[in-house]
Number of protein chains: 6
Amino acid sequence: MRPSKRQPDSLRPLILNAGFSRNAEGSCLIQCGNTHVICTATIESGVPSFLKNTGKGWVTAEYGMLPRSTNSRIPREAAKGKQSGRTQEIQRLIGRSLRSVVDLKLLGERQITIDCDVIEADGGTRTASITGAYVALHYAVGSLLKAGLIKQSPITGQVAAVSCGIYKGVPVLDLDYDEDSAATMDANFVLTADGRIIEIQCTAEEKPVEEEQFSALFALAKLGIKELAEAQKKAMGL
Amino acid sequence: MRPSKRQPDSLRPLILNAGFSRNAEGSCLIQCGNTHVICTATIESGVPSFLKNTGKGWVTAEYGMLPRSTNSRIPREAAKGKQSGRTQEIQRLIGRSLRSVVDLKLLGERQITIDCDVIEADGGTRTASITGAYVALHYAVGSLLKAGLIKQSPITGQVAAVSCGIYKGVPVLDLDYDEDSAATMDANFVLTADGRIIEIQCTAEEKPVEEEQFSALFALAKLGIKELAEAQKKAMGL
Amino acid sequence: MRPSKRQPDSLRPLILNAGFSRNAEGSCLIQCGNTHVICTATIESGVPSFLKNTGKGWVTAEYGMLPRSTNSRIPREAAKGKQSGRTQEIQRLIGRSLRSVVDLKLLGERQITIDCDVIEADGGTRTASITGAYVALHYAVGSLLKAGLIKQSPITGQVAAVSCGIYKGVPVLDLDYDEDSAATMDANFVLTADGRIIEIQCTAEEKPVEEEQFSALFALAKLGIKELAEAQKKAMGL
Amino acid sequence: MRPSKRQPDSLRPLILNAGFSRNAEGSCLIQCGNTHVICTATIESGVPSFLKNTGKGWVTAEYGMLPRSTNSRIPREAAKGKQSGRTQEIQRLIGRSLRSVVDLKLLGERQITIDCDVIEADGGTRTASITGAYVALHYAVGSLLKAGLIKQSPITGQVAAVSCGIYKGVPVLDLDYDEDSAATMDANFVLTADGRIIEIQCTAEEKPVEEEQFSALFALAKLGIKELAEAQKKAMGL
Amino acid sequence: MRPSKRQPDSLRPLILNAGFSRNAEGSCLIQCGNTHVICTATIESGVPSFLKNTGKGWVTAEYGMLPRSTNSRIPREAAKGKQSGRTQEIQRLIGRSLRSVVDLKLLGERQITIDCDVIEADGGTRTASITGAYVALHYAVGSLLKAGLIKQSPITGQVAAVSCGIYKGVPVLDLDYDEDSAATMDANFVLTADGRIIEIQCTAEEKPVEEEQFSALFALAKLGIKELAEAQKKAMGL
Amino acid sequence: MRPSKRQPDSLRPLILNAGFSRNAEGSCLIQCGNTHVICTATIESGVPSFLKNTGKGWVTAEYGMLPRSTNSRIPREAAKGKQSGRTQEIQRLIGRSLRSVVDLKLLGERQITIDCDVIEADGGTRTASITGAYVALHYAVGSLLKAGLIKQSPITGQVAAVSCGIYKGVPVLDLDYDEDSAATMDANFVLTADGRIIEIQCTAEEKPVEEEQFSALFALAKLGIKELAEAQKKAMGL
């Protein structure tokens, strides 16, 4: 039995609130149960130096947690003067995931920065960030199309993400914090709406696990991604 | 005529959503027009080293803005590796303002940290932070009383804050961003509900101003603080 | 009775030693009793990026204290690897105060940096810095005029600063450290020689204060600024 | 055809030089073709604060590259003042991988730090680091057993790692730099000698890939890990 | 002919103003021509962790330059967030030089920190710092003796320092900035009053030099140190 | 008797392995007994900003130690976020020493960076770095000549370095760590192959020493440098 009373293959209640931000070119507040992330997309002209004069654009992401988004307060990274290894790992993952469905040539020499800021955290913040970031990216690209700055959408696929894990010996979908802390294996799947792989990160906690367990998690993830992709489509008005 | 169509002595629409955060000991989402700030209060045992073994507690604040809370994205302070002078100035102001209405002896050797995170910015973020932080502090202290950890509330006064300025020659209350950018004088007033002074910061923009103009702003501020204090009382269930 | 035996409206003995520095384009060693600050003005071509190609110049300030300018040694900021919030707050204040009496268009695309370094500290270092910095600025501008680099002085007013406070219930002028530590209200006034407001910072210590007390401090400040402005004039040979 | 002329399922020439370091409690210089990593294990008493008085020990890792281990020089992280996101990601992975085969209770309140320093880099530095680090860890634990500081080895499994990828449409084992740069999918497998999963990181480059391709990589990885585990056993004298 | 018109073996005009600082336990403003350095000595209980419970004390130094002590402004190290390699090199030299004449056992478990802050720079700031720091140290030790905190002076020798160099082919004593910039060899000698060596740093500029030139500089240095030591004695009232 | 059983004027066994690095334009692994340093030379177009458009090139050095190159692990500088004063001092010395034998005009507007990374440390790492760095530099310059990028070698002399010290009252050559820790005087000599001075750093440990002792060390150093220079020549194929 899951602490959340959910079935092994149930997602948490999901709300995607697109256009949440008054200022950003694209935005989405994603709520996966008690995990709430504000995702905003900012378009800026110019690209990092390694892309200058290549005609290619760039998509990148930054991630942060409000100090009291968690049960006990975590020190503010700005005050500590550096981002933790975990933060950097997550924002690199979000950026890579989005870039895998963007044709940077079609984007042109501009950068889209997706900020994912966790307002409330209850497990799965990185996967929620990716799912919400994709919606924010969609709207930012829409604004470029509307303004006639690009002719064709550079987005080549739809991406969503979900975590799965082995909780008390049972493979379950969309771990919340209580489950995550007790899981013997924790895997994050970043997939396209049609089930292709963008990124898999799978970590055994405390001791190694068998390959079949990984396969069970993968199967659950594909179910979850379908639901998430449907919700994204609605939020994008498709 | 104000860009916002408000009367010179009108506050922006004000919403104080206490208990916004699932985790914090006290919290308040304050919305002053398009300025939205999440204020959370965290209680931790222990105090900074200069207070160890004095029997006194401490109240402090930290402040941050989401990168895209503003019209154009501001770089993330955690990524830059340091907090700006402006950020430090603001969080020092919030902390001082709250401490002026707390009896640190009665609080005992514990620290309350108020995090003020700006989700949307449209001018007046520091004053909104103080007004919301007070409500968060109130609930955090309430939780200490409820738990029997302290016998008597250490809160000795009620504090709110508002900005005023000279806009096109007219003293106006509660500047939004458009007004703030064009104001020739900008003043922040941190007052008690009964009009006593906690902190005044008054800055002439571009050129010095006459004393009467300052007096006009002070008068407006007292009006505004009364309304803010009423709203705080409601949010605190008083 | 003040620890310094001064009358409530007496400034500390004041010495303005203009031209103290062999190298700087303008300089002033200001001594307000036991508070001694070296102020130097440096002219450099070029402006911060937000002003490039605007034809406007910039005036900015930096502030520091020698580690043993105080009674107990304070850690060196260069060794700690960052400037404290207090330092940044003060140098921002000095910069703003000076800019309010400079026509940046007339200055042209160059930057004047005022360094205020506290050699001995006994309260009132930020106000002494402003008063001395103005003299250093005056001489730096004079060197530009003399060199024919500008035709007309961009300085539009004369600025000085002083602190006041409520000490043992009595409003007093120009607090030294002993008074400052015991004051129930502390206010810094940055005014023009003719009494107009550039900046007011007023902070109640420990508990809120009445408006009349603030008014009393303001009145004292205007007296003090007159004396300071006279001393500045002498130091500027006017 | 691979640039290296290797068969799709061939590892690069592999040398494990245990005891390479004169000073460390355990060490191994691992050479996977032109990727050379010095792995040293240091035993220190004491554990991170979150483990104090729990009776548990800790195993952690740090990773670095000599500036000219690569084809074009990379800036020295110590000179830049921070470790890159990539570095932190890698050292977190190495630490997690080793901890998954260590019973921290049996280790007792001491910390083993594995330093993995890349002397020459030609792809696969993180997986080589894990494979070599395990050997260094083995010898460090041996020194504890020999000294009678622990009675029973806390090591509960044998861990090795290898990368695989899709190169020109073909799944290949143990990518070198040239293959890595051109691969459409890149996966790192951290497995036990008997094929159980410790960590999988799989990333599609530029566009999403099908699940079967992932399965092909997994199959190759299991082959590679067997060989690596054999080499480790020899290097450990087992 | 030296730009300063001095004889090859002439020091610059020298003033040692002991007791310059109102607050420090010992202090000296040293003026060597246009090089002016404030040296203050601070006594604090406690020692660095590597000396805890050894009964030994510690003497250390910090060094800084006011931004406009030089002809063109140098960026403030506190603002840049780190001390330059040059600064660290100099403060390490000052600390080592002083420790070589202090019996740390006799000092007891306390630390003396010498701050050397350059107010005006015209070459030779590190050697002037050492010469002045010794006087400040002397007075700090005197205050410990006077307070009965130690019974016997831990100072075992008298140290001074001077620079020499080859200027236009001629060995000269006590280089000022103009000479220093043009010198083909630059050497700093830290000697005791009776001519024993504490530290020598000798650097050929642009090309290697012959041993005899070094010997000539050493001879000059011994002359200079005698004069400096006499001036120190007067400043110490001996 | 030296702990190493060496004669007072004996160097440690010396191996210079030129071309050690697969990637660098020039490289040398130098082994002086148990002190092993990898020296690589990297050629990059462009120079630091103070040399732009002067036609001159630049030679600089960076230095690092692997955390477990020493008997007890030293914290990784990249993880601490800054290079120690000792590291900066050493890399500045290496850079200066090399520049003293390079005609920067002949090098042209390019930079050669020598990285000296200590793999095993047993005293004398800075002098070994200089000796090895010279060989790496030689090969890097050779690659420029071979490529026709320069017509004439900018190298104007041959440089090597060695440490000497007073150990148990006896002047000895090429200190290892055990001797270094116990020496009463420690001197580093950077000389040309024909005995001219590039840099001398001589430090008395704990108490001042007589001039004759310094002279004895200098004599030993000249012997040692000759042997080192011979070994360099062999390593350079001369």
# chains A, B, ... in the order shown; residues from 1 in each chain; ligands from 1
>>> closest_atom_pairs(of="chain C", to="chain A", cutoff="12 Å", atoms="only C-alpha atoms", output="CSV")
residue,atom,partner,partner_atom,distance
C:Gly81,CA,A:Gly81,CA,10.6
C:Lys82,CA,A:Gly81,CA,10.0
C:Ser84,CA,A:Ala79,CA,11.7
C:Gly85,CA,A:Ala79,CA,11.3
>>> write_last_selection(atoms="all heavy atoms", output="mmCIF file, in the first residue's frame")
data_model
loop_
_atom_site.group_PDB
_atom_site.id
_atom_site.type_symbol
_atom_site.label_atom_id
_atom_site.label_comp_id
_atom_site.auth_asym_id
_atom_site.auth_seq_id
_atom_site.Cartn_x
_atom_site.Cartn_y
_atom_site.Cartn_z
ATOM 1 N N GLY C 81 36.539 37.296 0.931
ATOM 2 C CA GLY C 81 36.103 37.042 -0.428
ATOM 3 C C GLY C 81 34.779 37.691 -0.765
ATOM 4 O O GLY C 81 34.235 37.487 -1.830
ATOM 5 N N LYS C 82 34.253 38.492 0.148
ATOM 6 C CA LYS C 82 33.096 39.291 -0.261
ATOM 7 C C LYS C 82 32.863 40.486 0.641
ATOM 8 O O LYS C 82 33.270 40.513 1.791
ATOM 9 C CB LYS C 82 31.830 38.445 -0.401
ATOM 10 C CG LYS C 82 31.339 37.796 0.850
ATOM 11 C CD LYS C 82 29.997 37.109 0.532
ATOM 12 C CE LYS C 82 29.366 36.535 1.767
ATOM 13 N NZ LYS C 82 28.016 36.057 1.497
ATOM 14 N N SER C 84 30.504 42.866 2.777
ATOM 15 C CA SER C 84 29.304 42.639 3.581
ATOM 16 C C SER C 84 28.126 43.411 3.018
ATOM 17 O O SER C 84 28.280 44.330 2.206
ATOM 18 C CB SER C 84 29.564 43.107 5.013
ATOM 19 O OG SER C 84 29.625 44.521 5.041
ATOM 20 N N GLY C 85 26.939 43.042 3.453
ATOM 21 C CA GLY C 85 25.746 43.787 3.075
ATOM 22 C C GLY C 85 25.859 45.234 3.508
ATOM 23 O O GLY C 85 25.487 46.137 2.757
#
>>> residues_around(residues="stretch 147-162 of chain D", least_positions_apart="6", cutoff="8 Å", atoms="only C-alpha atoms", output="PyMOL selection string")
chain D and resi 97-98+101-108+124+127-128+130-131+134+138+141+173-174+188-193+221+224-225+228-229
>>> select_by_dssp(residues="stretch 140-222 of chain F", states="alpha helix (DSSP H)", output="VMD selection string")
chain F and resid 140 to 146 177 to 182 211 to 222
>>> closest_residue(among="E:Arg92, E:Lys52, E:Lys146, E:Arg68", to="C:Ser27", atoms="only C-alpha atoms")
E:Arg68
>>> closest_residue(among="C:Ile90, C:Val170, C:Ile74, C:Ala140", to="C:Thr40", atoms="only C-alpha atoms")
C:Ala140
>>> residues_around(residues="F:Gly165", least_positions_apart="6", cutoff="12 Å", atoms="only C-alpha atoms", output="ChimeraX atom specification")
/F:2,8-9,123-124,171-189,201-205,209,213-221
>>> atom_distance(atom1="atom CA of C:Thr70", atom2="atom CA of C:Ile119")
8.8 Å
>>> residues_around(residues="E:Gln83", least_positions_apart="2", cutoff="7 Å", atoms="only C-alpha atoms", output="PDB file with N, CA and C atoms, in the first residue's frame")
ATOM      1  N   ALA C  78      38.523  41.550   1.760  1.00  0.00           N
ATOM      2  CA  ALA C  78      39.240  40.932   0.639  1.00  0.00           C
ATOM      3  C   ALA C  78      39.610  39.489   0.990  1.00  0.00           C
ATOM      4  N   ALA C  79      39.923  39.244   2.260  1.00  0.00           N
ATOM      5  CA  ALA C  79      40.304  37.896   2.679  1.00  0.00           C
ATOM      6  C   ALA C  79      39.072  36.994   2.780  1.00  0.00           C
TER       7      ALA C  79
ATOM      8  N   GLU E  77      40.229  44.665  -3.952  1.00  0.00           N
ATOM      9  CA  GLU E  77      40.202  43.207  -3.850  1.00  0.00           C
ATOM     10  C   GLU E  77      38.908  42.702  -3.194  1.00  0.00           C
ATOM     11  N   GLY E  85      47.408  36.953  -6.210  1.00  0.00           N
ATOM     12  CA  GLY E  85      48.573  36.156  -5.854  1.00  0.00           C
ATOM     13  C   GLY E  85      49.652  37.031  -5.227  1.00  0.00           C
ATOM     14  N   THR E  87      49.274  39.810  -3.480  1.00  0.00           N
ATOM     15  CA  THR E  87      48.900  40.143  -2.105  1.00  0.00           C
ATOM     16  C   THR E  87      49.188  38.985  -1.164  1.00  0.00           C
ATOM     17  N   GLN E  88      48.821  37.790  -1.588  1.00  0.00           N
ATOM     18  CA  GLN E  88      49.028  36.640  -0.710  1.00  0.00           C
ATOM     19  C   GLN E  88      50.504  36.365  -0.493  1.00  0.00           C
TER      20      GLN E  88
END
>>> atom_distance(atom1="atom CA of D:Leu14", atom2="atom CA of F:Asp115")
27.0 Å
>>> atom_distance(atom1="atom CA of A:Trp58", atom2="atom CA of A:Ile38")
20.9 Å
>>> select_by_dssp(residues="stretch 54-112 of chain C", states="strand (DSSP E)", output="MDAnalysis selection string")
chainID C and resid 58:65 110:112
>>> write_last_selection(atoms="N, CA, C and O atoms", output="short mmCIF file (atom, residue, chain, number, x, y, z; two decimals), in the first residue's frame")
data_model
loop_
_atom_site.label_atom_id
_atom_site.label_comp_id
_atom_site.auth_asym_id
_atom_site.auth_seq_id
_atom_site.Cartn_x
_atom_site.Cartn_y
_atom_site.Cartn_z
N TRP C 58 29.20 58.53 -15.48
CA TRP C 58 28.74 57.82 -14.29
C TRP C 58 29.59 58.23 -13.10
O TRP C 58 30.78 58.52 -13.25
N VAL C 59 28.97 58.30 -11.95
CA VAL C 59 29.69 58.54 -10.70
C VAL C 59 29.34 57.40 -9.77
O VAL C 59 28.15 57.08 -9.59
N THR C 60 30.34 56.75 -9.23
CA THR C 60 30.07 55.63 -8.34
C THR C 60 31.03 55.69 -7.16
O THR C 60 31.96 56.49 -7.15
N ALA C 61 30.77 54.86 -6.15
CA ALA C 61 31.61 54.91 -4.96
C ALA C 61 31.90 53.51 -4.45
O ALA C 61 31.12 52.59 -4.66
N GLU C 62 33.04 53.36 -3.83
CA GLU C 62 33.35 52.15 -3.08
C GLU C 62 33.78 52.53 -1.68
O GLU C 62 34.33 53.60 -1.46
N TYR C 63 33.51 51.63 -0.75
CA TYR C 63 33.72 51.93 0.67
C TYR C 63 34.43 50.76 1.31
O TYR C 63 34.19 49.59 0.95
N GLY C 64 35.32 51.05 2.22
CA GLY C 64 35.98 49.98 2.96
C GLY C 64 36.44 50.48 4.30
O GLY C 64 36.56 51.70 4.53
N MET C 65 36.68 49.54 5.21
CA MET C 65 37.24 49.92 6.51
C MET C 65 38.54 49.15 6.70
O MET C 65 38.59 47.94 6.45
N ARG C 110 32.54 59.34 -19.24
CA ARG C 110 33.64 58.95 -18.36
C ARG C 110 33.07 58.61 -16.98
O ARG C 110 31.95 58.99 -16.66
N GLN C 111 33.85 57.88 -16.22
CA GLN C 111 33.38 57.48 -14.89
C GLN C 111 34.27 58.09 -13.82
O GLN C 111 35.50 58.08 -13.94
N ILE C 112 33.63 58.60 -12.78
CA ILE C 112 34.40 59.04 -11.61
C ILE C 112 34.08 58.06 -10.48
O ILE C 112 32.91 57.84 -10.13
#
>>> residues_around(residues="A:Ala231", least_positions_apart="3", cutoff="9 Å", atoms="only C-alpha atoms", output="list of chain:residue names")
A:Leu14, A:Ile15, A:Leu16, A:Lys226, A:Glu227, A:Leu228, A:Lys234, A:Ala235, A:Met236
>>> write_last_selection(atoms="N, CA, C and O atoms", output="PDB file, in the first residue's frame")
ATOM      1  N   LEU A  14      -2.836  16.153 -11.267  1.00  0.00           N
ATOM      2  CA  LEU A  14      -1.944  16.938 -12.118  1.00  0.00           C
ATOM      3  C   LEU A  14      -2.660  18.182 -12.621  1.00  0.00           C
ATOM      4  O   LEU A  14      -3.766  18.104 -13.163  1.00  0.00           O
ATOM      5  N   ILE A  15      -2.030  19.336 -12.432  1.00  0.00           N
ATOM      6  CA  ILE A  15      -2.579  20.584 -12.971  1.00  0.00           C
ATOM      7  C   ILE A  15      -1.481  21.308 -13.724  1.00  0.00           C
ATOM      8  O   ILE A  15      -0.387  21.502 -13.197  1.00  0.00           O
ATOM      9  N   LEU A  16      -1.775  21.673 -14.953  1.00  0.00           N
ATOM     10  CA  LEU A  16      -0.830  22.462 -15.737  1.00  0.00           C
ATOM     11  C   LEU A  16      -1.475  23.808 -16.019  1.00  0.00           C
ATOM     12  O   LEU A  16      -2.448  23.896 -16.751  1.00  0.00           O
ATOM     13  N   LYS A 226       2.292   8.830 -21.121  1.00  0.00           N
ATOM     14  CA  LYS A 226       1.110   9.034 -21.982  1.00  0.00           C
ATOM     15  C   LYS A 226       0.132  10.003 -21.344  1.00  0.00           C
ATOM     16  O   LYS A 226      -0.361  10.926 -21.989  1.00  0.00           O
ATOM     17  N   GLU A 227      -0.158   9.765 -20.082  1.00  0.00           N
ATOM     18  CA  GLU A 227      -1.090  10.658 -19.376  1.00  0.00           C
ATOM     19  C   GLU A 227      -0.561  12.082 -19.298  1.00  0.00           C
ATOM     20  O   GLU A 227      -1.284  13.059 -19.493  1.00  0.00           O
ATOM     21  N   LEU A 228       0.733  12.186 -18.983  1.00  0.00           N
ATOM     22  CA  LEU A 228       1.335  13.518 -18.875  1.00  0.00           C
ATOM     23  C   LEU A 228       1.285  14.240 -20.217  1.00  0.00           C
ATOM     24  O   LEU A 228       0.983  15.443 -20.284  1.00  0.00           O
ATOM     25  N   LYS A 234      -3.531  19.379 -23.634  1.00  0.00           N
ATOM     26  CA  LYS A 234      -4.640  20.256 -23.224  1.00  0.00           C
ATOM     27  C   LYS A 234      -4.124  21.634 -22.842  1.00  0.00           C
ATOM     28  O   LYS A 234      -4.685  22.653 -23.234  1.00  0.00           O
ATOM     29  N   ALA A 235      -3.046  21.646 -22.054  1.00  0.00           N
ATOM     30  CA  ALA A 235      -2.496  22.935 -21.595  1.00  0.00           C
ATOM     31  C   ALA A 235      -1.984  23.769 -22.760  1.00  0.00           C
ATOM     32  O   ALA A 235      -1.898  24.997 -22.679  1.00  0.00           O
ATOM     33  N   MET A 236      -1.637  23.094 -23.848  1.00  0.00           N
ATOM     34  CA  MET A 236      -1.145  23.828 -25.024  1.00  0.00           C
ATOM     35  C   MET A 236      -2.280  24.118 -25.999  1.00  0.00           C
ATOM     36  O   MET A 236      -2.050  24.662 -27.077  1.00  0.00           O
TER      37      MET A 236
END
